[in-house]
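Chemist: Take this structure first; my questions come after.
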Amino acid sequence: MKINIQIKSASKKDVGIIKNEIEIEDNICSAGELIESIVKYMIKNNSSEECMFESDNVFRTLQSFFEVKKVPSLSDAINIALNAFDDRLFAMFIDDVRYFNKNDKINLTGGETLTFIKLTMLTGCIF
């Protein structure tokens with residue numbers, strides 16, 4: 001199934017939204033399974049000579065979300081991505097609906113827009 005993917009970082013230096021279309025598994029029922037499928041897709045296509053996206057920026061941004069650059073195995077990469085989602089290091093939207101939990105049910109039919117927004121930790125004082 002093909003879905004559109006958008007990536008946005010909240011930092012000042014990475015302004016703009018990077019967009020592309022990717023092919024993922026068909027039988028995805030939860031937000032966690034969707035993240036797992038995307039990480040599998042990234043690692044599979046990163047091991048080949050071709051870049052998975054037209055723009056290297058998209059791939060680097062996804063790597064920074066899921067931190068799969070230096071991960072020794074697929075299962076470790078999936079665990080890191082799911083833990084980052086649980087820890088709210090990035091937000092995931094499917095057609096303007098935000099998903100907060102990896103167990104949230106989703107219904108993908110193809111052609112949806114999946115948006116990842118990397119969240120930035122802020123420091124400050126308590127008033």
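Order determines the names: the first chain of the structure tokens is A, the second B, and so forth; residues in each chain are numbered 1 upward, and ligands are numbered 1 upward as they are shown.
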Applying 10 Å and only C-alpha atoms, which residues near Leu34 (chain A) remain after dropping the ones on its own chain fewer than 2 positions away? List them as an mmCIF file with C-alpha atoms, in the first residue's frame.
Modeler:
data_model
loop_
_atom_site.group_PDB
_atom_site.id
_atom_site.type_symbol
_atom_site.label_atom_id
_atom_site.label_comp_id
_atom_site.auth_asym_id
_atom_site.auth_seq_id
_atom_site.Cartn_x
_atom_site.Cartn_y
_atom_site.Cartn_z
ATOM 1 C CA ILE A 24 4.420 -0.184 3.190
ATOM 2 C CA GLU A 25 2.785 -3.468 4.245
ATOM 3 C CA ASP A 26 -0.961 -3.855 3.757
ATOM 4 C CA ASN A 27 -2.080 -5.464 7.032
ATOM 5 C CA ILE A 28 -1.377 -2.669 9.542
ATOM 6 C CA CYS A 29 -3.869 -2.317 12.425
ATOM 7 C CA SER A 30 -2.151 -0.071 15.001
ATOM 8 C CA ALA A 31 0.099 2.981 15.230
ATOM 9 C CA GLY A 32 2.925 0.792 16.553
ATOM 10 C CA GLU A 36 7.465 -0.768 12.754
ATOM 11 C CA SER A 37 6.632 -1.055 9.046
ATOM 12 C CA ILE A 38 8.278 2.296 8.279
ATOM 13 C CA VAL A 39 11.451 1.355 10.179
ATOM 14 C CA LYS A 40 11.604 -1.975 8.294
ATOM 15 C CA LYS A 102 1.251 2.686 19.843
ATOM 16 C CA ILE A 106 -5.782 2.717 12.616
ATOM 17 C CA LEU A 108 -5.308 2.494 6.301
ATOM 18 C CA LEU A 114 1.208 10.380 7.391
#
Chemist: Write out as JSON, numbers by chain each polymer residue whose atoms come within 10 Å of region 99-101 of chain A, counting only C-alpha atoms; drop sequence neighbours fewer than 6 positions from it.
Modeler: {"A": [30, 31, 32, 82, 85, 86, 87, 88, 90, 91, 92, 93]}
Chemist: Atoms to include: N, CA and C atoms. Write the selected residues as a compact mmCIF listing (two decimals), in the first residue's frame.
Modeler:
# COMPACT_ATOMS: atom_id res chain seq x y z
N SER A 30 -2.40 -0.99 13.89
CA SER A 30 -2.15 -0.07 15.00
C SER A 30 -1.04 0.91 14.65
N ALA A 31 -0.94 1.97 15.44
CA ALA A 31 0.10 2.98 15.23
C ALA A 31 1.49 2.36 15.38
N GLY A 32 1.64 1.47 16.35
CA GLY A 32 2.92 0.79 16.55
C GLY A 32 3.33 -0.05 15.36
N LEU A 82 9.82 2.80 18.62
CA LEU A 82 8.61 2.70 19.45
C LEU A 82 8.80 3.39 20.80
N PHE A 85 8.45 7.08 20.28
CA PHE A 85 7.04 7.43 20.15
C PHE A 85 6.36 7.44 21.51
N ASP A 86 6.64 6.43 22.33
CA ASP A 86 6.07 6.37 23.69
C ASP A 86 6.52 7.55 24.55
N ASP A 87 7.77 7.99 24.35
CA ASP A 87 8.33 9.10 25.12
C ASP A 87 7.95 10.46 24.55
N ARG A 88 7.13 10.47 23.51
CA ARG A 88 6.62 11.70 22.89
C ARG A 88 7.75 12.56 22.29
N PHE A 90 8.36 12.47 19.12
CA PHE A 90 7.77 12.92 17.87
C PHE A 90 6.27 12.67 17.92
N ALA A 91 5.55 13.46 17.15
CA ALA A 91 4.10 13.30 17.05
C ALA A 91 3.79 12.68 15.69
N MET A 92 2.74 11.84 15.67
CA MET A 92 2.35 11.18 14.43
C MET A 92 0.88 11.50 14.14
N PHE A 93 0.64 11.96 12.92
CA PHE A 93 -0.71 12.28 12.46
C PHE A 93 -0.99 11.47 11.20
Chemist: In terms of the shortest atom-to-atom distance over only C-alpha atoms, which of A:Asp76, A:Ile18, A:Glu23, A:Tyr41 is closest to Gly110 (chain A)?
Modeler: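 The answer is A:Glu23, which sits nearest to Gly110 (chain A).
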Chemist: Within 9 Å of Asp95 (chain A), counting only C-alpha atoms, which residues show up once you throw out same-chain ones fewer than 2 positions away? Write them as an MDAnalysis selection string, please.
Modeler: chainID A and resid 93 97:98 112:115
Chemist: Write out, as an mmCIF file, in the first residue's frame, the residues just selected, with C-alpha atoms.
Modeler:
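And here's again-v5.cif as it stands now:
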data_model
loop_
_atom_site.group_PDB
_atom_site.id
_atom_site.type_symbol
_atom_site.label_atom_id
_atom_site.label_comp_id
_atom_site.auth_asym_id
_atom_site.auth_seq_id
_atom_site.Cartn_x
_atom_site.Cartn_y
_atom_site.Cartn_z
ATOM 1 C CA PHE A 93 -0.710 12.276 12.459
ATOM 2 C CA VAL A 97 -5.736 12.870 13.362
ATOM 3 C CA ARG A 98 -3.028 12.603 16.030
ATOM 4 C CA GLU A 112 -3.400 8.641 3.400
ATOM 5 C CA THR A 113 -1.002 11.368 4.481
ATOM 6 C CA LEU A 114 1.208 10.380 7.391
ATOM 7 C CA THR A 115 2.883 13.308 9.154
#
Chemist: Measure the distance from CA of Met1 (chain A) to CA of Thr109 (chain A) in Å and round it to one decimal.
Modeler: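 Computing the Euclidean distance for CA of Met1 (chain A) and CA of Thr109 (chain A) yields 7.6 Å.
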